[in-house]
Structures are given as structure tokens and as C-alpha cells.
$ cat data03.cif   # mmCIF, C-alpha atoms
data_structure
#
loop_
_atom_site.group_PDB
_atom_site.id
_atom_site.type_symbol
_atom_site.label_atom_id
_atom_site.label_comp_id
_atom_site.auth_asym_id
_atom_site.auth_seq_id
_atom_site.Cartn_x
_atom_site.Cartn_y
_atom_site.Cartn_z
ATOM 1 C CA MET H 1 110.485 56.738 140.387
ATOM 2 C CA ALA H 2 113.275 57.091 137.932
ATOM 3 C CA ALA H 3 116.782 56.469 139.137
ATOM 4 C CA LYS H 4 120.169 56.832 137.573
ATOM 5 C CA ASN H 5 121.132 54.351 134.855
ATOM 6 C CA GLU H 6 123.506 52.363 137.024
ATOM 7 C CA GLY H 7 124.242 48.867 135.765
ATOM 8 C CA ILE H 8 122.933 49.618 132.255
ATOM 9 C CA SER H 9 125.384 49.420 129.390
ATOM 10 C CA LEU H 10 126.082 52.486 127.263
ATOM 11 C CA PRO H 11 124.658 50.930 124.057
ATOM 12 C CA LEU H 12 121.361 50.272 125.862
ATOM 13 C CA VAL H 13 121.300 53.830 127.198
ATOM 14 C CA ILE H 14 121.877 55.207 123.691
ATOM 15 C CA PHE H 15 119.251 52.895 122.171
ATOM 16 C CA GLY H 16 116.700 53.770 124.861
ATOM 17 C CA SER H 17 117.406 57.492 124.473
ATOM 18 C CA CYS H 18 116.969 57.353 120.689
ATOM 19 C CA LEU H 19 113.724 55.410 121.079
ATOM 20 C CA TYR H 20 112.457 57.854 123.689
ATOM 21 C CA PHE H 21 113.201 60.978 121.647
ATOM 22 C CA PHE H 22 111.633 59.375 118.575
ATOM 23 C CA ALA H 23 108.469 58.697 120.579
ATOM 24 C CA TYR H 24 108.600 62.122 122.231
ATOM 25 C CA ALA H 25 108.870 64.022 118.934
ATOM 26 C CA PHE H 26 106.225 61.986 117.126
ATOM 27 C CA SER H 27 103.841 62.075 120.086
ATOM 28 C CA ILE H 28 103.930 65.865 120.365
ATOM 29 C CA THR H 29 103.721 66.376 116.595
ATOM 30 C CA GLY H 30 100.978 63.787 116.083
ATOM 31 C CA ASN H 31 98.756 64.844 118.963
ATOM 32 C CA CYS H 32 99.091 68.547 118.106
ATOM 33 C CA PHE H 33 97.996 67.681 114.568
ATOM 34 C CA VAL H 34 94.982 65.718 115.880
ATOM 35 C CA LEU H 35 93.958 68.650 118.076
ATOM 36 C CA SER H 36 94.268 71.064 115.154
ATOM 37 C CA VAL H 37 92.056 68.822 112.983
ATOM 38 C CA CYS H 38 89.456 68.551 115.751
ATOM 39 C CA TYR H 39 89.482 72.323 116.198
ATOM 40 C CA LYS H 40 89.137 73.072 112.474
ATOM 41 C CA ARG H 41 86.280 70.586 112.126
ATOM 42 C CA ARG H 42 84.207 72.019 114.928
ATOM 43 C CA GLY H 43 80.754 70.475 115.214
ATOM 44 C CA SER H 44 78.415 68.601 117.493
ATOM 45 C CA SER H 45 80.027 65.171 117.089
ATOM 46 C CA SER H 46 80.640 63.673 120.529
ATOM 47 C CA LEU H 47 83.335 61.407 119.098
ATOM 48 C CA ARG H 48 85.353 64.455 118.044
ATOM 49 C CA TRP H 49 85.402 65.733 121.614
ATOM 50 C CA TYR H 50 86.463 62.378 123.012
ATOM 51 C CA ILE H 51 89.231 62.003 120.432
ATOM 52 C CA ALA H 52 90.433 65.515 121.285
ATOM 53 C CA ASN H 53 90.389 64.590 124.974
ATOM 54 C CA LEU H 54 92.538 61.515 124.319
ATOM 55 C CA ALA H 55 94.964 63.675 122.352
ATOM 56 C CA ILE H 56 95.181 66.204 125.213
ATOM 57 C CA ALA H 57 95.887 63.425 127.719
ATOM 58 C CA ASP H 58 98.557 61.881 125.436
ATOM 59 C CA LEU H 59 100.176 65.252 124.734
ATOM 60 C CA THR H 60 100.287 66.196 128.427
ATOM 61 C CA PHE H 61 101.722 62.789 129.315
ATOM 62 C CA ALA H 62 104.450 63.103 126.686
ATOM 63 C CA LEU H 63 105.431 66.627 127.719
ATOM 64 C CA LEU H 64 105.700 65.684 131.389
ATOM 65 C CA SER H 65 107.676 62.499 130.687
ATOM 66 C CA ILE H 66 110.790 64.510 129.835
ATOM 67 C CA LEU H 67 111.379 65.092 133.563
ATOM 68 C CA ASP H 68 111.552 61.334 134.184
ATOM 69 C CA TYR H 69 113.929 60.931 131.276
ATOM 70 C CA ILE H 70 116.284 63.637 132.599
ATOM 71 C CA SER H 71 116.139 62.056 136.051
ATOM 72 C CA SER H 72 117.002 58.623 134.658
ATOM 73 C CA LEU H 73 120.196 59.990 133.102
ATOM 74 C CA TRP H 74 121.177 62.647 135.602
ATOM 75 C CA THR H 75 119.101 63.932 138.523
ATOM 76 C CA TRP H 76 115.617 65.244 139.268
ATOM 77 C CA VAL H 77 115.161 68.871 138.248
ATOM 78 C CA GLY H 78 112.633 71.374 139.577
ATOM 79 C CA GLY H 79 112.525 70.326 143.189
ATOM 80 C CA GLN H 80 109.589 69.252 145.347
ATOM 81 C CA VAL H 81 106.896 71.144 143.443
ATOM 82 C CA THR H 82 107.596 69.631 140.026
ATOM 83 C CA CYS H 83 107.996 66.179 141.615
ATOM 84 C CA LYS H 84 104.492 66.255 143.081
ATOM 85 C CA ILE H 85 102.780 67.961 140.152
ATOM 86 C CA GLN H 86 104.421 65.835 137.456
ATOM 87 C CA SER H 87 103.730 62.508 139.195
ATOM 88 C CA PHE H 88 100.158 63.577 139.937
ATOM 89 C CA TRP H 89 99.365 64.687 136.375
ATOM 90 C CA ILE H 90 101.058 61.679 134.741
ATOM 91 C CA GLU H 91 98.736 59.307 136.603
ATOM 92 C CA ALA H 92 95.732 61.573 135.970
ATOM 93 C CA CYS H 93 96.427 61.484 132.220
ATOM 94 C CA TYR H 94 96.456 57.686 132.238
ATOM 95 C CA THR H 95 93.232 57.528 134.267
ATOM 96 C CA THR H 96 91.530 60.012 131.942
ATOM 97 C CA SER H 97 92.635 58.098 128.836
ATOM 98 C CA ILE H 98 91.199 54.751 129.826
ATOM 99 C CA MET H 99 87.970 56.270 131.148
ATOM 100 C CA THR H 100 87.579 58.200 127.885
ATOM 101 C CA LEU H 101 87.765 54.880 126.014
ATOM 102 C CA VAL H 102 85.090 53.559 128.361
ATOM 103 C CA LEU H 103 82.852 56.564 127.607
ATOM 104 C CA ILE H 104 83.306 56.099 123.855
ATOM 105 C CA SER H 105 82.488 52.395 124.187
ATOM 106 C CA PHE H 106 79.402 53.163 126.267
ATOM 107 C CA GLN H 107 78.199 55.651 123.676
ATOM 108 C CA ARG H 108 78.820 53.295 120.765
ATOM 109 C CA ILE H 109 77.165 50.311 122.422
ATOM 110 C CA LYS H 110 74.024 52.393 123.051
ATOM 111 C CA ALA H 111 74.006 53.628 119.462
ATOM 112 C CA VAL H 112 74.381 50.119 118.025
ATOM 113 C CA LEU H 113 72.322 47.981 120.423
ATOM 114 C CA HIS H 114 69.608 50.549 121.198
ATOM 115 C CA PRO H 115 69.586 52.959 118.243
ATOM 116 C CA PHE H 116 66.037 54.212 118.857
ATOM 117 C CA ASN H 117 66.623 54.863 122.557
ATOM 118 C CA ALA H 118 70.055 56.439 122.160
ATOM 119 C CA ARG H 119 70.003 60.208 122.244
ATOM 120 C CA LEU H 120 72.532 62.287 120.379
ATOM 121 C CA SER H 121 74.782 64.147 122.788
ATOM 122 C CA ASN H 122 75.230 67.807 122.003
ATOM 123 C CA ALA H 123 78.574 69.531 122.327
ATOM 124 C CA GLU H 124 77.769 71.105 125.680
ATOM 125 C CA ALA H 125 76.764 67.768 127.226
ATOM 126 C CA VAL H 126 79.952 66.108 125.988
ATOM 127 C CA LYS H 127 82.066 69.002 127.276
ATOM 128 C CA LYS H 128 80.531 68.553 130.714
ATOM 129 C CA LYS H 129 81.309 64.821 130.632
ATOM 130 C CA VAL H 130 84.915 65.508 129.639
ATOM 131 C CA VAL H 131 85.336 68.084 132.408
ATOM 132 C CA ALA H 132 83.750 65.705 134.922
ATOM 133 C CA LEU H 133 86.101 62.974 133.723
ATOM 134 C CA TRP H 134 89.171 65.137 134.362
ATOM 135 C CA LEU H 135 87.881 66.289 137.750
ATOM 136 C CA GLY H 136 87.220 62.678 138.758
ATOM 137 C CA SER H 137 90.712 61.633 137.637
ATOM 138 C CA LEU H 138 92.298 64.489 139.598
ATOM 139 C CA VAL H 139 90.424 63.463 142.742
ATOM 140 C CA VAL H 140 91.398 59.792 142.319
ATOM 141 C CA CYS H 141 95.064 60.714 141.845
ATOM 142 C CA SER H 142 95.166 63.377 144.576
ATOM 143 C CA PRO H 143 96.851 61.030 147.133
ATOM 144 C CA LEU H 144 99.938 61.154 144.912
ATOM 145 C CA LEU H 145 100.405 64.817 145.830
ATOM 146 C CA TYR H 146 101.280 63.533 149.282
ATOM 147 C CA ALA H 147 102.994 60.317 148.176
ATOM 148 C CA TYR H 148 105.712 61.798 145.952
ATOM 149 C CA GLN H 149 108.646 63.704 147.406
ATOM 150 C CA VAL H 150 112.226 64.430 146.436
ATOM 151 C CA GLU H 151 115.008 62.573 148.234
ATOM 152 C CA THR H 152 118.787 62.901 148.118
ATOM 153 C CA HIS H 153 120.883 59.756 147.835
ATOM 154 C CA PHE H 154 124.181 59.323 149.626
ATOM 155 C CA ASN H 155 125.939 60.023 146.311
ATOM 156 C CA GLY H 156 124.210 63.401 146.035
ATOM 157 C CA GLN H 157 121.715 62.382 143.354
ATOM 158 C CA ILE H 158 118.234 63.865 143.778
ATOM 159 C CA ILE H 159 115.297 61.608 142.897
ATOM 160 C CA CYS H 160 111.513 61.960 142.836
ATOM 161 C CA THR H 161 110.030 58.962 144.620
ATOM 162 C CA ASN H 162 106.858 57.720 146.277
ATOM 163 C CA ARG H 163 108.753 55.796 148.966
ATOM 164 C CA PRO H 164 107.382 58.150 151.686
ATOM 165 C CA PHE H 165 103.985 56.577 150.893
ATOM 166 C CA GLY H 166 105.345 53.378 152.441
ATOM 167 C CA ASP H 167 105.134 49.812 151.172
ATOM 168 C CA LEU H 168 101.617 49.260 152.478
ATOM 169 C CA GLY H 169 100.374 52.586 151.139
ATOM 170 C CA ARG H 170 101.752 51.904 147.667
ATOM 171 C CA GLN H 171 100.416 48.353 147.645
ATOM 172 C CA ILE H 172 96.919 49.409 148.674
ATOM 173 C CA TYR H 173 96.643 52.494 146.463
ATOM 174 C CA TYR H 174 98.074 51.037 143.264
ATOM 175 C CA SER H 175 96.204 47.738 143.703
ATOM 176 C CA ILE H 176 92.886 49.571 144.026
ATOM 177 C CA HIS H 177 93.803 51.827 141.133
ATOM 178 C CA ALA H 178 94.770 48.864 138.939
ATOM 179 C CA VAL H 179 91.476 47.095 139.660
ATOM 180 C CA CYS H 180 89.212 50.150 139.274
ATOM 181 C CA PHE H 181 91.019 51.857 136.406
ATOM 182 C CA PHE H 182 92.525 48.995 134.456
ATOM 183 C CA ILE H 183 91.002 45.559 135.071
ATOM 184 C CA VAL H 184 87.346 46.625 135.363
ATOM 185 C CA PRO H 185 87.492 49.083 132.407
ATOM 186 C CA LEU H 186 89.379 46.462 130.398
ATOM 187 C CA MET H 187 86.620 43.921 131.001
ATOM 188 C CA TYR H 188 83.998 46.457 129.951
ATOM 189 C CA LEU H 189 85.929 47.394 126.797
ATOM 190 C CA ILE H 190 86.173 43.731 125.793
ATOM 191 C CA TYR H 191 82.466 43.244 126.479
ATOM 192 C CA ALA H 192 81.550 46.362 124.480
ATOM 193 C CA GLN H 193 83.688 45.376 121.500
ATOM 194 C CA THR H 194 82.216 41.872 121.480
ATOM 195 C CA ALA H 195 78.623 43.113 121.808
ATOM 196 C CA ILE H 196 79.048 45.721 119.053
ATOM 197 C CA SER H 197 80.687 43.213 116.715
ATOM 198 C CA LEU H 198 77.935 40.626 117.235
ATOM 199 C CA ALA H 199 75.196 43.235 116.818
ATOM 200 C CA LEU H 200 76.625 44.549 113.556
ATOM 201 C CA ARG H 201 77.114 41.028 112.233
ATOM 202 C CA SER H 202 73.524 40.195 113.110
ATOM 203 C CA SER H 203 72.296 43.356 111.370
ATOM 204 C CA ARG H 204 73.956 42.338 108.126
ATOM 205 C CA ARG H 205 72.147 39.000 108.256
ATOM 206 C CA VAL H 206 68.749 40.514 109.059
ATOM 207 C CA PHE H 207 68.782 43.270 106.414
ATOM 208 C CA PRO H 208 69.412 42.379 102.764
ATOM 209 C CA SER H 209 72.411 43.930 101.049
ATOM 210 C CA GLN H 210 70.014 45.769 98.693
ATOM 211 C CA ASN H 211 68.728 47.782 101.641
ATOM 212 C CA THR H 212 70.731 50.974 101.217
ATOM 213 C CA PHE H 213 69.787 52.467 104.580
ATOM 214 C CA ALA H 214 70.668 49.315 106.528
ATOM 215 C CA THR H 215 73.955 48.890 104.679
ATOM 216 C CA SER H 216 74.907 52.512 105.316
ATOM 217 C CA TYR H 217 73.960 52.153 108.997
ATOM 218 C CA VAL H 218 76.062 49.028 109.496
ATOM 219 C CA ASN H 219 79.069 50.379 107.578
ATOM 220 C CA ARG H 220 79.035 53.673 109.485
ATOM 221 C CA HIS H 221 79.053 51.971 112.865
ATOM 222 C CA ARG H 222 81.551 49.365 111.719
ATOM 223 C CA LYS H 223 84.066 52.077 110.784
ATOM 224 C CA VAL H 224 83.847 53.740 114.186
ATOM 225 C CA ALA H 225 83.928 50.340 115.929
ATOM 226 C CA LYS H 226 87.167 49.426 114.129
ATOM 227 C CA THR H 227 88.776 52.676 115.208
ATOM 228 C CA LEU H 228 87.712 52.133 118.815
ATOM 229 C CA ALA H 229 88.936 48.525 118.699
ATOM 230 C CA ALA H 230 92.340 49.626 117.391
ATOM 231 C CA LEU H 231 92.687 52.265 120.127
ATOM 232 C CA THR H 232 91.661 49.732 122.784
ATOM 233 C CA VAL H 233 94.110 47.077 121.592
ATOM 234 C CA ALA H 234 96.951 49.608 121.444
ATOM 235 C CA PHE H 235 96.146 50.812 124.959
ATOM 236 C CA ILE H 236 96.077 47.264 126.352
ATOM 237 C CA ILE H 237 99.327 46.222 124.659
ATOM 238 C CA CYS H 238 101.205 49.343 125.766
ATOM 239 C CA TRP H 239 99.871 49.716 129.299
ATOM 240 C CA SER H 240 99.435 46.106 130.513
ATOM 241 C CA PRO H 241 103.183 45.428 130.991
ATOM 242 C CA PHE H 242 103.615 48.690 132.927
ATOM 243 C CA ILE H 243 100.672 48.034 135.272
ATOM 244 C CA ILE H 244 101.767 44.440 135.899
ATOM 245 C CA VAL H 245 105.450 45.265 136.412
ATOM 246 C CA ARG H 246 104.677 48.198 138.700
ATOM 247 C CA THR H 247 102.443 46.005 140.857
ATOM 248 C CA LEU H 248 105.113 43.299 141.089
ATOM 249 C CA ILE H 249 107.734 45.884 142.083
ATOM 250 C CA TYR H 250 105.593 47.320 144.869
ATOM 251 C CA PHE H 251 104.951 43.816 146.213
ATOM 252 C CA HIS H 252 108.710 43.125 146.078
ATOM 253 C CA MET H 253 108.335 40.389 143.497
ATOM 254 C CA LEU H 254 110.458 42.149 140.870
ATOM 255 C CA GLY H 255 113.276 44.682 140.803
ATOM 256 C CA GLU H 256 113.528 47.932 138.843
ATOM 257 C CA GLY H 257 115.638 46.601 136.018
ATOM 258 C CA HIS H 258 115.509 46.454 132.239
ATOM 259 C CA VAL H 259 111.923 45.141 132.241
ATOM 260 C CA TRP H 260 110.721 48.156 134.220
ATOM 261 C CA ARG H 261 112.403 50.630 131.867
ATOM 262 C CA ALA H 262 111.122 48.771 128.814
ATOM 263 C CA SER H 263 107.567 48.948 130.168
ATOM 264 C CA GLN H 264 107.967 52.718 130.640
ATOM 265 C CA LEU H 265 109.079 53.126 127.018
ATOM 266 C CA LEU H 266 106.127 51.011 125.890
ATOM 267 C CA VAL H 267 103.757 53.383 127.675
ATOM 268 C CA MET H 268 105.339 56.295 125.838
ATOM 269 C CA LEU H 269 104.818 54.423 122.577
ATOM 270 C CA ASN H 270 101.062 54.454 123.175
ATOM 271 C CA THR H 271 101.021 58.268 122.873
ATOM 272 C CA VAL H 272 102.601 57.817 119.422
ATOM 273 C CA LEU H 273 100.270 55.070 118.212
ATOM 274 C CA ASP H 274 97.019 56.901 118.927
ATOM 275 C CA PRO H 275 97.530 59.721 116.365
ATOM 276 C CA ILE H 276 98.754 57.146 113.819
ATOM 277 C CA LEU H 277 95.605 55.073 114.331
ATOM 278 C CA TYR H 278 93.420 58.164 113.900
ATOM 279 C CA GLY H 279 95.205 58.829 110.625
ATOM 280 C CA ILE H 280 95.004 55.262 109.312
ATOM 281 C CA TYR H 281 91.326 54.814 110.010
ATOM 282 C CA GLY H 282 90.492 58.409 109.219
ATOM 283 C CA GLU H 283 91.956 58.011 105.739
ATOM 284 C CA ASN H 284 90.808 54.527 104.895
ATOM 285 C CA LEU H 285 87.449 54.572 106.643
ATOM 286 C CA ASN H 286 86.457 58.202 106.094
ATOM 287 C CA PHE H 287 86.846 58.692 109.823
ATOM 288 C CA ARG H 288 87.123 62.452 109.432
ATOM 289 C CA GLN H 289 83.465 62.724 108.436
ATOM 290 C CA TYR H 290 82.604 61.748 112.010
ATOM 291 C CA LEU H 291 84.703 64.643 113.316
ATOM 292 C CA ARG H 292 82.739 67.299 111.489
#

$ encode --input "data03.cif" --output "C-alpha cells"
Amino acid sequence: MAAKNEGISLPLVIFGSCLYFFAYAFSITGNCFVLSVCYKRRGSSSLRWYIANLAIADLTFALLSILDYISSLWTWVGGQVTCKIQSFWIEACYTTSIMTLVLISFQRIKAVLHPFNARLSNAEAVKKKVVALWLGSLVVCSPLLYAYQVETHFNGQIICTNRPFGDLGRQIYYSIHAVCFFIVPLMYLIYAQTAISLALRSSRRVFPSQNTFATSYVNRHRKVAKTLAALTVAFIICWSPFIIVRTLIYFHMLGEGHVWRASQLLVMLNTVLDPILYGIYGENLNFRQYLR
């Protein structure tokens, strides 16, 4: 959907470009590092596989975003094929990311609220869930393979756009997608975080501090819960403006101006924050022991 930077001052273009390349470089470096750590610490931890899956989605998103950046400054490159594939995979990466957070939350809430009924997932079971998650995301985003096409403006500029989908098609598809893969998952993530927090707080009251096993149990789950909470908050902060602005644009309630471009940069920032959050909580909360 990117178009040429008409009407945007040169200082803003330079600032936005610097911010984008900063995010691009750190996203690729950070997520490659996370994947290398996950690979070196191979084990049966389901959390390790989910973290690796988030890193793959973030890395793929960042790599593909360069085509939108080039288009925003110049013209779309690669023709019809790259237009369809890039737009399709960008949305699939987002869908996979939020559903991965939902899977992690579901696993953690079972482990905390029903520890005796929760079964440990082996590596093969988690791999199957991750593959199923990607396949589901690809199916959900498959209409975009039809929706996106390249068009040539009267000034000769080539753009990749979903206008051929039509106003009604865009309104219906992106509204359903926003409800099913943003609002509903967001509500579940908030519920899960609240339930886990209350359960852990209750556990500390029930078991005395002298109880080594209980203290270790609560601290272990609290560390993972904090990491999940940080990832969830970062995802909400970075993606909410984009989802809201995109919906308003498709319902003709807002134009594609500075707010739209700022929301796109904020989305890119999320791919930078995730590796940083892994590092912060991995260092301070011994998070790496859960990736073994």
C-alpha cells in the first residue's frame, strides 16, 4: 500500500529513513541472535520453540518490509509476483505472531492454574503446533494473493496495492481479521495475564516463604509470566495503532498521511523490541534456563 512520499518534507523523510534502517538492522541482528541461542540450547522446552517461532516471524517481517520502504521512496520493484507474495507473507507473519502469544499464554495458564493436569509438551508435539499455526495463518491470509496487484499511476510510478479487492472486500476482510486475530486474542491475553498473576499471588499467600518447593515454583512461573507480559504489552503498543488506522482508512474515515506512516514504523519497532525483551528478562530472570 505504500505510495511515493509526496507532501512529506525532506527532514521527515530523512528522519523516517534513519529510524527505519535502525529498526531494520537491529531487528535482523537481534532475531538472528535469538534463533542462534535457541538452536544452541536445543531441548524439549516448549517455550524455546515458541520463542524461536516469534523470532522467525519477526525476522521474515523485517526482511520483507524493505520492499515497502523502497516503494515509499521510489517505486515498487519485482513486479506482480513479489507484490502478492510479500503482502501475503507480511500479514501471515503478523497472524502467526499474535497466535503464538496466545499459545504461550494457554500453556502457561494451564501450568499455573492446573499444574497437576497440565502435561509437558514434547518437542515433536510443539513442532506440530507451530507448523499447524503457520499453515492456519497462510490459509487465513490466502485471499491477499488475489487482493494485491501492481498498478501504474499516471506519472509512471508502479505501486503494489489491494485496491482491486474493492472497498467492500477490504472492509469485510480486514474487519473480520481484526476481530478474530487482534481483538479476540487481545482479550484472551489480558485474561490469561490477569489469571496467572492472581494465581501466583494466591500461591504466595497459601504457602509459607519457608517452603522451598513452593517458593521455587512461584518464582519460576513468575519469571516466565513477566516475560510473556512484556512481549504482550510490546505487541499491543506497537500493533494497535496500525490496526486501528488501517481500519479507519479502509472505511474512508482517515487518509494515508503521517499517522499511517508512523503506525507502520511502530510495527517495525515491535520486531526490534522482542529480542531486547528476551535479553533483558533472560539476563535478569535467568530466562535462558527455560530455553535449555

$ residues_around --input "data03.cif" --residues "stretch 145-155 of chain H" --least-positions-apart "2" --cutoff "7 Å" --atoms "all atoms listed in the file" --output "ChimeraX atom specification"
/H:79-80,83-85,88,142-143,157-162,164-165

$ residues_near_point --input "data03.cif" --point "(91.9, 52.9, 116.9)" --cutoff "12 Å" --atoms "only C-alpha atoms" --output "number ranges by chain"
H: 51, 54, 101, 104-105, 223-236, 270, 273-282, 285, 287

$ resolve_selection --input "data03.cif" --expression "the PyMOL selection byres ((chain H and resi 68) around 12)" --output "VMD selection string"
chain H and resid 1 to 5 17 20 61 to 67 69 to 78 82 to 83 86 to 87 90 158 to 161 261 264 to 265 268

$ residues_around --input "data03.cif" --residues "H:Phe22" --least-positions-apart "4" --cutoff "12 Å" --atoms "only C-alpha atoms" --output "list in words"
Phe15, Gly16, Ser17, Cys18, Phe26, Ser27, Ile28, Thr29, Gly30, Ala62, Leu265, Met268, Leu269, Thr271 and Val272 of chain H

$ resolve_selection --input "data03.cif" --expression "the PyMOL selection byres ((chain H and resi 246) around 10)" --output "count of residues only"
23

$ resolve_selection --input "data03.cif" --expression "the PyMOL selection byres ((chain H and resi 130) around 9)" --output "PyMOL selection string"
chain H and resi 49-50+53+96+100+125-129+131-135

$ write_last_selection --input "data03.cif" --atoms "C-alpha atoms" --output "PDB file, in the frame of the given file"
ATOM      1  CA  TRP H  49      85.402  65.733 121.614  1.00  0.00           C
ATOM      2  CA  TYR H  50      86.463  62.378 123.012  1.00  0.00           C
ATOM      3  CA  ASN H  53      90.389  64.590 124.974  1.00  0.00           C
ATOM      4  CA  THR H  96      91.530  60.012 131.942  1.00  0.00           C
ATOM      5  CA  THR H 100      87.579  58.200 127.885  1.00  0.00           C
ATOM      6  CA  ALA H 125      76.764  67.768 127.226  1.00  0.00           C
ATOM      7  CA  VAL H 126      79.952  66.108 125.988  1.00  0.00           C
ATOM      8  CA  LYS H 127      82.066  69.002 127.276  1.00  0.00           C
ATOM      9  CA  LYS H 128      80.531  68.553 130.714  1.00  0.00           C
ATOM     10  CA  LYS H 129      81.309  64.821 130.632  1.00  0.00           C
ATOM     11  CA  VAL H 131      85.336  68.084 132.408  1.00  0.00           C
ATOM     12  CA  ALA H 132      83.750  65.705 134.922  1.00  0.00           C
ATOM     13  CA  LEU H 133      86.101  62.974 133.723  1.00  0.00           C
ATOM     14  CA  TRP H 134      89.171  65.137 134.362  1.00  0.00           C
ATOM     15  CA  LEU H 135      87.881  66.289 137.750  1.00  0.00           C
TER      16      LEU H 135
END

$ atom_distance --input "data03.cif" --atom1 "atom CA of H:Ala199" --atom2 "atom CA of H:Arg222"
10.2 Å

$ axis_aligned_box --input "data03.cif" --around "stretch 28-39 of chain H" --padding-each-side "3 Å" --output "JSON"
{"center_x": 96.7, "center_y": 68.1, "center_z": 116.7, "size_x": 20.5, "size_y": 14.5, "size_z": 13.4}

$ decode --input "data03.cif" --residues "stretch 84-102 of chain H" --atoms "N, CA, C and O atoms" --output "CSV table (one decimal), in the first residue's frame"
chain,number,residue,atom,x,y,z
H,84,LYS,N,2.4,-9.8,-4.6
H,84,LYS,CA,1.4,-10.8,-4.0
H,84,LYS,C,2.1,-11.5,-2.9
H,84,LYS,O,1.5,-11.6,-1.8
H,85,ILE,N,3.3,-12.0,-3.1
H,85,ILE,CA,4.0,-12.9,-2.1
H,85,ILE,C,4.3,-12.0,-0.9
H,85,ILE,O,4.1,-12.5,0.3
H,86,GLN,N,4.9,-10.8,-1.1
H,86,GLN,CA,5.3,-10.0,0.0
H,86,GLN,C,4.1,-9.6,0.9
H,86,GLN,O,4.1,-9.7,2.1
H,87,SER,N,3.0,-9.1,0.3
H,87,SER,CA,1.8,-8.7,1.0
H,87,SER,C,1.2,-9.9,1.8
H,87,SER,O,0.8,-9.7,2.9
H,88,PHE,N,1.2,-11.0,1.2
H,88,PHE,CA,0.7,-12.3,1.8
H,88,PHE,C,1.5,-12.7,3.0
H,88,PHE,O,0.9,-12.9,4.1
H,89,TRP,N,2.8,-12.7,2.8
H,89,TRP,CA,3.6,-13.2,3.9
H,89,TRP,C,3.7,-12.2,5.1
H,89,TRP,O,3.8,-12.6,6.3
H,90,ILE,N,3.7,-10.9,4.8
H,90,ILE,CA,3.7,-9.9,5.8
H,90,ILE,C,2.5,-10.1,6.8
H,90,ILE,O,2.7,-10.1,8.0
H,91,GLU,N,1.3,-10.3,6.2
H,91,GLU,CA,0.1,-10.5,7.0
H,91,GLU,C,0.2,-11.8,7.8
H,91,GLU,O,-0.3,-11.9,8.9
H,92,ALA,N,0.7,-12.8,7.1
H,92,ALA,CA,0.8,-14.1,7.7
H,92,ALA,C,1.8,-14.1,8.9
H,92,ALA,O,1.5,-14.8,9.9
H,93,CYS,N,2.9,-13.3,8.8
H,93,CYS,CA,3.8,-13.2,9.9
H,93,CYS,C,3.1,-12.5,11.1
H,93,CYS,O,3.3,-13.0,12.3
H,94,TYR,N,2.3,-11.5,10.9
H,94,TYR,CA,1.6,-10.9,12.0
H,94,TYR,C,0.6,-11.8,12.6
H,94,TYR,O,0.6,-12.0,13.9
H,95,THR,N,-0.1,-12.6,11.8
H,95,THR,CA,-1.1,-13.5,12.3
H,95,THR,C,-0.5,-14.6,13.2
H,95,THR,O,-0.9,-15.0,14.2
H,96,THR,N,0.7,-15.1,12.7
H,96,THR,CA,1.4,-16.1,13.4
H,96,THR,C,1.9,-15.6,14.7
H,96,THR,O,1.9,-16.3,15.7
H,97,SER,N,2.4,-14.4,14.7
H,97,SER,CA,3.0,-13.8,16.0
H,97,SER,C,1.9,-13.7,17.1
H,97,SER,O,2.2,-14.2,18.2
H,98,ILE,N,0.8,-13.2,16.8
H,98,ILE,CA,-0.2,-13.0,17.8
H,98,ILE,C,-0.8,-14.3,18.3
H,98,ILE,O,-1.0,-14.6,19.5
H,99,MET,N,-0.9,-15.3,17.4
H,99,MET,CA,-1.4,-16.6,17.7
H,99,MET,C,-0.4,-17.4,18.5
H,99,MET,O,-0.7,-18.2,19.4
H,100,THR,N,0.9,-17.1,18.3
H,100,THR,CA,2.0,-17.8,19.1
H,100,THR,C,1.9,-17.3,20.5
H,100,THR,O,2.0,-18.0,21.5
H,101,LEU,N,1.7,-16.0,20.7
H,101,LEU,CA,1.5,-15.4,22.1
H,101,LEU,C,0.3,-16.0,22.8
H,101,LEU,O,0.3,-16.3,24.0
H,102,VAL,N,-0.8,-16.3,22.0
H,102,VAL,CA,-2.0,-17.0,22.5
H,102,VAL,C,-1.6,-18.4,23.0
H,102,VAL,O,-2.0,-18.8,24.1
